[in-house]
file protein-v7.txt (compact mmCIF, C-alpha atoms)
# COMPACT_ATOMS: atom_id res chain seq x y z
CA MET A 1 -15.05 19.69 -44.24
CA PRO A 2 -15.13 23.14 -42.70
CA ALA A 3 -17.83 22.21 -40.13
CA ASP A 4 -15.52 19.64 -38.54
CA ILE A 5 -12.61 22.06 -38.30
CA ASP A 6 -14.89 24.68 -36.74
CA GLY A 7 -16.03 22.19 -34.11
CA LEU A 8 -12.41 21.34 -33.34
CA SER A 9 -11.28 24.91 -32.94
CA LEU A 10 -14.37 25.68 -30.87
CA SER A 11 -13.63 22.78 -28.53
CA PHE A 12 -9.98 23.86 -28.45
CA TRP A 13 -10.89 27.34 -27.28
CA ILE A 14 -13.41 26.10 -24.70
CA LEU A 15 -10.86 23.63 -23.31
CA ALA A 16 -8.06 26.19 -23.42
CA VAL A 17 -10.11 28.74 -21.48
CA VAL A 18 -11.14 26.15 -18.87
CA THR A 19 -7.56 24.87 -18.55
CA VAL A 20 -6.05 28.31 -18.06
CA GLY A 21 -8.92 29.37 -15.79
CA ALA A 22 -8.46 26.30 -13.60
CA ALA A 23 -4.70 26.89 -13.48
CA VAL A 24 -5.24 30.49 -12.38
CA ALA A 25 -7.75 29.26 -9.77
CA VAL A 26 -5.08 26.89 -8.38
CA VAL A 27 -2.91 29.88 -7.56
CA ALA A 28 -5.71 32.24 -6.57
CA THR A 29 -7.66 29.91 -4.23
CA ARG A 30 -6.86 30.26 -0.54
CA ASN A 31 -8.18 26.81 0.35
CA ILE A 32 -5.37 24.48 -0.66
CA PHE A 33 -7.68 21.46 -1.01
CA ARG A 34 -9.84 23.31 -3.53
CA ALA A 35 -6.67 24.37 -5.31
CA ALA A 36 -5.84 20.66 -5.70
CA ILE A 37 -9.30 20.01 -7.17
CA TYR A 38 -8.83 22.87 -9.65
CA LEU A 39 -5.49 21.31 -10.58
CA VAL A 40 -7.29 18.04 -11.34
CA LEU A 41 -9.76 19.95 -13.52
CA SER A 42 -6.91 21.46 -15.54
CA PHE A 43 -5.31 17.98 -15.88
CA VAL A 44 -8.59 16.58 -17.22
CA THR A 45 -9.10 19.38 -19.72
CA ILE A 46 -5.50 18.95 -20.91
CA ALA A 47 -6.36 15.27 -21.49
CA ALA A 48 -9.34 16.42 -23.56
CA LEU A 49 -6.99 18.68 -25.54
CA TYR A 50 -4.83 15.62 -26.30
CA LEU A 51 -7.97 13.87 -27.55
CA THR A 52 -8.64 16.71 -29.99
CA LEU A 53 -5.10 16.11 -31.30
CA SER A 54 -5.95 12.41 -31.89
CA ALA A 55 -3.49 11.39 -29.16
CA GLU A 56 -5.79 8.96 -27.39
CA PHE A 57 -3.09 7.04 -25.56
CA LEU A 58 -1.55 10.23 -24.26
CA ALA A 59 -4.99 11.35 -23.07
CA ALA A 60 -5.49 8.06 -21.22
CA VAL A 61 -2.05 8.40 -19.64
CA GLN A 62 -2.82 12.00 -18.69
CA ILE A 63 -6.03 10.90 -16.94
CA LEU A 64 -4.45 7.87 -15.25
CA ILE A 65 -1.18 9.43 -14.14
CA TYR A 66 -2.00 13.08 -13.61
CA ALA A 67 -5.70 13.10 -12.72
CA GLY A 68 -5.28 9.72 -10.97
CA ALA A 69 -1.93 9.11 -9.36
CA ILE A 70 -0.52 12.60 -8.94
CA ALA A 71 -3.86 14.01 -7.76
CA VAL A 72 -4.16 11.19 -5.20
CA LEU A 73 -0.66 11.89 -3.88
CA LEU A 74 -1.35 15.62 -3.72
CA ILE A 75 -4.68 15.25 -1.96
CA PHE A 76 -3.23 12.71 0.48
CA GLY A 77 -0.38 15.09 1.13
CA ILE A 78 -2.87 17.83 1.92
CA MET A 79 -5.13 15.63 4.04
CA LEU A 80 -2.15 14.34 6.02
CA THR A 81 -1.19 17.81 7.15
CA ARG A 82 -2.84 19.62 10.01
CA GLU A 83 -4.73 22.83 9.26
CA GLN A 84 -5.25 21.85 5.65
CA ARG A 85 -7.74 24.65 5.15
CA ALA A 86 -5.30 27.39 6.09
CA GLY A 87 -3.11 26.78 3.06
CA SER A 88 0.15 28.60 2.70
CA PRO A 89 0.14 32.00 4.34
CA SER A 90 1.44 34.75 2.10
CA GLY A 91 4.95 35.65 3.17
CA ARG A 92 7.44 38.32 2.28
CA LEU A 93 8.69 36.18 -0.59
CA SER A 94 5.62 36.75 -2.78
CA PHE A 95 7.24 39.56 -4.81
CA PRO A 96 10.54 37.73 -5.44
CA ALA A 97 8.44 34.68 -6.37
CA LEU A 98 6.47 36.76 -8.86
CA GLY A 99 9.73 38.00 -10.35
CA VAL A 100 11.17 34.49 -10.71
CA ALA A 101 7.89 33.14 -12.14
CA GLY A 102 7.77 36.01 -14.63
CA LEU A 103 11.36 35.34 -15.64
CA VAL A 104 10.65 31.62 -16.15
CA ALA A 105 7.51 32.43 -18.17
CA PHE A 106 9.51 34.91 -20.28
CA ALA A 107 12.31 32.38 -20.89
CA LEU A 108 9.83 29.63 -21.81
CA THR A 109 7.93 31.89 -24.23
CA PHE A 110 11.22 33.05 -25.77
CA VAL A 111 12.41 29.45 -26.28
CA ILE A 112 9.05 28.23 -27.61
CA LEU A 113 8.77 31.09 -30.11
CA GLY A 114 12.44 31.00 -31.03
CA SER A 115 12.95 27.31 -31.68
CA ARG A 116 12.38 25.62 -35.02
CA TRP A 117 9.91 22.79 -34.44
CA ASN A 118 10.48 19.71 -36.53
CA VAL A 119 7.05 18.73 -37.79
CA SER A 120 6.85 15.14 -38.94
CA GLN A 121 5.67 14.76 -42.51
CA ALA A 122 4.75 11.10 -41.99
CA PRO A 123 1.01 10.43 -42.10
CA LEU A 124 -0.74 9.94 -38.77
CA PRO A 125 -1.27 6.23 -38.04
CA ALA A 126 -4.96 5.35 -38.19
CA ASP A 127 -4.94 4.07 -34.63
CA ASN A 128 -1.93 5.30 -32.79
CA THR A 129 -2.63 3.27 -29.63
CA VAL A 130 -2.05 0.18 -31.79
CA ALA A 131 1.15 1.72 -33.16
CA ILE A 132 2.37 2.36 -29.61
CA ALA A 133 1.41 -1.18 -28.55
CA ASP A 134 3.27 -2.62 -31.53
CA ALA A 135 6.41 -0.70 -30.63
CA LEU A 136 6.15 -1.48 -26.93
CA PHE A 137 5.37 -5.19 -27.08
CA ASN A 138 7.23 -6.24 -30.22
CA GLN A 139 10.22 -3.93 -30.55
CA PHE A 140 10.99 -2.84 -27.01
CA VAL A 141 10.22 -5.98 -25.02
CA LEU A 142 13.20 -5.70 -22.69
CA PRO A 143 12.66 -2.04 -21.72
CA PHE A 144 9.01 -2.89 -21.13
CA GLU A 145 9.90 -5.70 -18.72
CA LEU A 146 12.53 -3.49 -17.10
CA ALA A 147 9.80 -0.92 -16.43
CA SER A 148 8.15 -3.44 -14.11
CA VAL A 149 11.46 -3.90 -12.28
CA LEU A 150 11.62 -0.12 -11.90
CA LEU A 151 8.07 -0.10 -10.51
CA LEU A 152 8.99 -2.93 -8.15
CA ALA A 153 11.95 -0.90 -6.91
CA ALA A 154 9.56 2.03 -6.44
CA ILE A 155 7.15 -0.05 -4.33
CA ILE A 156 9.90 -1.44 -2.12
CA GLY A 157 11.67 1.89 -1.84
CA ALA A 158 8.45 3.69 -0.92
CA ILE A 159 7.58 1.12 1.76
CA VAL A 160 11.08 1.19 3.23
CA LEU A 161 11.12 5.01 3.31
CA VAL A 162 7.67 5.37 4.86
CA ARG A 163 8.27 2.62 7.43
CA GLY A 164 11.79 3.80 8.18
CA SER A 165 10.94 6.39 10.79
CA LYS A 166 9.01 3.94 12.95
CA GLU A 167 11.81 1.50 13.79
CA MET B 1 -12.49 8.12 -34.21
CA LEU B 2 -12.36 11.76 -33.17
CA ALA B 3 -16.08 12.18 -33.79
CA ASP B 4 -16.78 9.46 -31.22
CA TYR B 5 -15.24 11.70 -28.57
CA GLY B 6 -17.70 14.38 -29.60
CA TYR B 7 -20.31 12.35 -27.74
CA VAL B 8 -18.11 12.45 -24.64
CA GLY B 9 -17.96 16.22 -25.01
CA LEU B 10 -21.74 16.31 -25.44
CA LEU B 11 -22.17 14.23 -22.28
CA ALA B 12 -19.84 16.60 -20.43
CA LEU B 13 -21.93 19.58 -21.55
CA VAL B 14 -25.14 17.89 -20.40
CA ALA B 15 -23.50 16.95 -17.09
CA ILE B 16 -22.47 20.58 -16.52
CA ALA B 17 -25.83 21.96 -17.66
CA PHE B 18 -27.88 19.63 -15.45
CA PRO B 19 -26.94 21.02 -12.00
CA VAL B 20 -26.84 24.58 -13.35
CA VAL B 21 -30.37 24.30 -14.76
CA THR B 22 -31.67 22.54 -11.64
CA LEU B 23 -30.28 25.13 -9.23
CA LEU B 24 -31.31 28.00 -11.48
CA ALA B 25 -34.88 26.65 -11.81
CA SER B 26 -35.09 26.32 -8.03
CA LYS B 27 -33.89 29.92 -7.61
CA ILE B 28 -36.31 31.27 -10.23
CA LEU B 29 -39.26 29.33 -8.81
CA SER B 30 -38.56 30.62 -5.31
CA TYR B 31 -38.27 34.16 -6.74
CA ILE B 32 -41.67 33.87 -8.42
CA GLY B 33 -43.12 32.41 -5.24
CA VAL B 34 -43.96 28.94 -6.51
CA ARG B 35 -41.42 27.28 -4.23
CA PRO B 36 -42.05 27.81 -0.52
CA GLN B 37 -39.06 28.65 1.61
CA ARG B 38 -39.37 27.72 5.27
CA PRO B 39 -35.93 26.64 6.47
CA SER B 40 -35.45 24.99 9.83
CA ALA B 41 -32.46 23.65 11.71
CA VAL B 42 -33.21 20.05 10.71
CA LYS B 43 -33.69 20.90 7.05
CA SER B 44 -30.38 22.72 6.91
CA SER B 45 -28.40 19.94 8.58
CA THR B 46 -25.94 17.94 6.49
CA TYR B 47 -28.02 14.76 6.43
CA GLU B 48 -31.66 15.63 6.87
CA CYS B 49 -32.72 11.99 7.26
CA GLY B 50 -29.51 10.57 8.66
CA MET B 51 -27.33 10.61 11.72
CA ASP B 52 -26.24 13.91 13.16
CA THR B 53 -22.70 14.64 12.14
CA VAL B 54 -19.96 14.68 14.75
CA GLY B 55 -17.14 17.18 14.41
CA GLU B 56 -15.86 18.56 11.15
CA ALA B 57 -15.29 16.99 7.75
CA TRP B 58 -11.80 18.50 7.67
CA VAL B 59 -9.78 16.00 9.66
CA GLN B 60 -6.19 14.99 9.46
CA PHE B 61 -5.87 11.60 7.78
CA ASN B 62 -3.97 8.82 9.49
CA PHE B 63 -0.61 8.53 7.75
CA ARG B 64 -1.18 4.79 7.27
CA TYR B 65 -3.44 5.68 4.35
CA TYR B 66 -0.33 6.87 2.57
CA TYR B 67 0.78 3.27 1.93
CA TYR B 68 -2.43 2.71 -0.01
CA ALA B 69 -1.79 5.87 -1.99
CA LEU B 70 1.76 4.77 -2.85
CA LEU B 71 0.66 1.28 -3.88
CA PHE B 72 -2.20 2.78 -5.87
CA VAL B 73 0.23 4.95 -7.82
CA VAL B 74 2.38 1.97 -8.80
CA PHE B 75 -0.54 -0.17 -9.91
CA ASP B 76 -2.05 2.83 -11.66
CA ILE B 77 1.09 3.03 -13.78
CA GLU B 78 0.74 -0.70 -14.46
CA THR B 79 -2.67 0.08 -15.98
CA VAL B 80 -1.01 2.47 -18.41
CA PHE B 81 0.84 -0.53 -19.86
CA LEU B 82 -2.25 -2.75 -19.75
CA TYR B 83 -4.23 -0.37 -21.96
CA PRO B 84 -2.22 -0.62 -25.21
CA TRP B 85 -1.67 -4.32 -24.46
CA ALA B 86 -5.43 -4.91 -24.30
CA VAL B 87 -5.97 -2.95 -27.53
CA TYR B 88 -3.33 -4.99 -29.34
CA PHE B 89 -3.90 -8.33 -27.57
CA ARG B 90 -5.43 -10.22 -30.52
CA LYS B 91 -2.37 -9.68 -32.67
CA LEU B 92 0.17 -10.36 -29.93
CA GLU B 93 -1.18 -13.85 -29.20
CA LEU B 94 0.70 -16.07 -26.75
CA PHE B 95 3.91 -14.03 -26.82
CA GLY B 96 2.10 -10.93 -25.63
CA PHE B 97 0.30 -12.90 -22.96
CA ILE B 98 3.55 -14.27 -21.52
CA GLU B 99 5.16 -10.84 -21.78
CA MET B 100 2.40 -9.26 -19.68
CA LEU B 101 2.40 -12.23 -17.30
CA ILE B 102 6.09 -11.63 -16.53
CA PHE B 103 5.44 -7.91 -16.16
CA ILE B 104 2.62 -8.49 -13.67
CA LEU B 105 4.47 -11.24 -11.79
CA ILE B 106 7.37 -8.86 -11.13
CA LEU B 107 4.89 -6.34 -9.73
CA VAL B 108 3.18 -9.03 -7.64
CA VAL B 109 6.53 -9.44 -5.85
CA GLY B 110 6.15 -5.85 -4.70
CA TYR B 111 2.59 -6.52 -3.61
CA LEU B 112 3.72 -9.59 -1.64
CA TYR B 113 6.47 -7.51 -0.07
CA ALA B 114 3.89 -4.95 1.06
CA TRP B 115 1.73 -7.76 2.38
CA LYS B 116 4.66 -9.36 4.22
CA LYS B 117 5.64 -6.04 5.78
CA GLN B 118 2.04 -5.73 7.00
CA VAL B 119 1.62 -2.25 5.57
CA LEU B 120 -1.83 -3.20 4.31
CA GLU B 121 -3.01 -4.24 7.74
CA TRP B 122 -5.28 -2.12 9.83
CA LYS B 123 -4.29 -1.68 13.42
call {"tool": "encode", "arguments": {"input": "protein-v7.txt", "output": "structure tokens"}}
result
Amino acid sequence: MPADIDGLSLSFWILAVVTVGAAVAVVATRNIFRAAIYLVLSFVTIAALYLTLSAEFLAAVQILIYAGAIAVLLIFGIMLTREQRAGSPSGRLSFPALGVAGLVAFALTFVILGSRWNVSQAPLPADNTVAIADALFNQFVLPFELASVLLLAAIIGAIVLVRGSKE
Amino acid sequence: MLADYGYVGLLALVAIAFPVVTLLASKILSYIGVRPQRPSAVKSSTYECGMDTVGEAWVQFNFRYYYYALLFVVFDIETVFLYPWAVYFRKLELFGFIEMLIFILILVVGYLYAWKKQVLEWK
């Protein structure tokens, strides 16, 4: 079915261009709040990319955690500061930062291109959310319950840390 | 399965096209001279038919909101676990129900702690 594959690669390229464009806008925008909104846009388009790879659960997690939780924390962080429109003034460190970023990008590209990726030959499960649920709720019951203990520790820790300065 | 998400993509395209077409039509019509353009101070205000705004929209949030953000994050992550559970619920039966009940009860302890510490109260 060549028509289907064409649609997929078309949507891939649209999403890829929007994702990269939004990511560039995050860095290029002076207004830090708008930069955060562009970041959310790139998170959402990455979720859509996961959907095109049939990774529905991952897409849902991407939307919930990245576009939801992390975006909320970021935007709260911005709105809690004074002068949120000013953003970060460009300092003398911009050239060293460019150098370090370039080095990291070079290293990442080198590793990605150089490593041998193990591609699974097993057929894709028809509904991989069900496969994940089966693993999570039948095989890994204890780790699943422990996750809630971890979240509980996170709630209590967060409240203690935020309240701490007041006493 | 994947084709179903095509409709989501289609909806997204329509959603993007709608404001673009609307604004463009307005621009074109004003260019041709069909749409009159007589701006006034009231028309250009933020809420033409509402209260006059006071101050700026860019204000510093009270840090107490941060508690809500932190609690939201934790319960947001809980939802991540609820999603596959809901998809698979029929096959899990009672065991799955009890499993999720324990999971949520442990998190409710955190909620009660937040309640007890009065971080959800508005002063």
call {"tool": "interface_residues", "arguments": {"input": "protein-v7.txt", "of": "chain A", "to": "chain B", "cutoff": "6 Å", "atoms": "all atoms listed in the file", "output": "list in words"}}
result
Ala69, Met79, Leu80, Arg82, Thr129, Val130, Ala133, Glu145, Ser148, Leu152 and Ile155 of chain A
call {"tool": "residues_around", "arguments": {"input": "protein-v7.txt", "residues": "segment 118-127 of chain A", "least_positions_apart": "4", "cutoff": "10 Å", "atoms": "all atoms listed in the file", "output": "JSON list (two decimals) with C-alpha atoms, keeping the file's coordinate frame"}}
result
[["chain", "number", "residue", "atom", "x", "y", "z"],
["A", 54, "SER", "CA", -5.95, 12.41, -31.89],
["A", 55, "ALA", "CA", -3.49, 11.39, -29.16],
["A", 56, "GLU", "CA", -5.79, 8.96, -27.39],
["A", 57, "PHE", "CA", -3.09, 7.04, -25.56],
["A", 131, "ALA", "CA", 1.15, 1.72, -33.16],
["A", 132, "ILE", "CA", 2.37, 2.36, -29.61],
["B", 1, "MET", "CA", -12.49, 8.12, -34.21]]
call {"tool": "residues_around", "arguments": {"input": "protein-v7.txt", "residues": "Leu8 of chain A", "least_positions_apart": "2", "cutoff": "12 Å", "atoms": "only C-alpha atoms", "output": "list of chain:residue names"}}
result
A:Met1, A:Pro2, A:Ala3, A:Asp4, A:Ile5, A:Asp6, A:Leu10, A:Ser11, A:Phe12, A:Trp13, A:Ile14, A:Leu15, A:Ala16, A:Ala48, A:Leu49, A:Tyr50, A:Leu51, A:Thr52, A:Leu53, A:Ser54, B:Leu2, B:Ala3, B:Tyr5, B:Gly6, B:Gly9
call {"tool": "write_last_selection", "arguments": {"input": "protein-v7.txt", "atoms": "C-alpha atoms", "output": "PDB file, in the coordinates of the input"}}
result
ATOM      1  CA  MET A   1     -15.050  19.690 -44.240  1.00  0.00           C
ATOM      2  CA  PRO A   2     -15.130  23.140 -42.700  1.00  0.00           C
ATOM      3  CA  ALA A   3     -17.830  22.210 -40.130  1.00  0.00           C
ATOM      4  CA  ASP A   4     -15.520  19.640 -38.540  1.00  0.00           C
ATOM      5  CA  ILE A   5     -12.610  22.060 -38.300  1.00  0.00           C
ATOM      6  CA  ASP A   6     -14.890  24.680 -36.740  1.00  0.00           C
ATOM      7  CA  LEU A  10     -14.370  25.680 -30.870  1.00  0.00           C
ATOM      8  CA  SER A  11     -13.630  22.780 -28.530  1.00  0.00           C
ATOM      9  CA  PHE A  12      -9.980  23.860 -28.450  1.00  0.00           C
ATOM     10  CA  TRP A  13     -10.890  27.340 -27.280  1.00  0.00           C
ATOM     11  CA  ILE A  14     -13.410  26.100 -24.700  1.00  0.00           C
ATOM     12  CA  LEU A  15     -10.860  23.630 -23.310  1.00  0.00           C
ATOM     13  CA  ALA A  16      -8.060  26.190 -23.420  1.00  0.00           C
ATOM     14  CA  ALA A  48      -9.340  16.420 -23.560  1.00  0.00           C
ATOM     15  CA  LEU A  49      -6.990  18.680 -25.540  1.00  0.00           C
ATOM     16  CA  TYR A  50      -4.830  15.620 -26.300  1.00  0.00           C
ATOM     17  CA  LEU A  51      -7.970  13.870 -27.550  1.00  0.00           C
ATOM     18  CA  THR A  52      -8.640  16.710 -29.990  1.00  0.00           C
ATOM     19  CA  LEU A  53      -5.100  16.110 -31.300  1.00  0.00           C
ATOM     20  CA  SER A  54      -5.950  12.410 -31.890  1.00  0.00           C
TER      21      SER A  54
ATOM     22  CA  LEU B   2     -12.360  11.760 -33.170  1.00  0.00           C
ATOM     23  CA  ALA B   3     -16.080  12.180 -33.790  1.00  0.00           C
ATOM     24  CA  TYR B   5     -15.240  11.700 -28.570  1.00  0.00           C
ATOM     25  CA  GLY B   6     -17.700  14.380 -29.600  1.00  0.00           C
ATOM     26  CA  GLY B   9     -17.960  16.220 -25.010  1.00  0.00           C
TER      27      GLY B   9
END
call {"tool": "atom_distance", "arguments": {"input": "protein-v7.txt", "atom1": "atom CA of Ala36 of chain A", "atom2": "atom CA of Ile75 of chain A"}}
result
6.7 Å
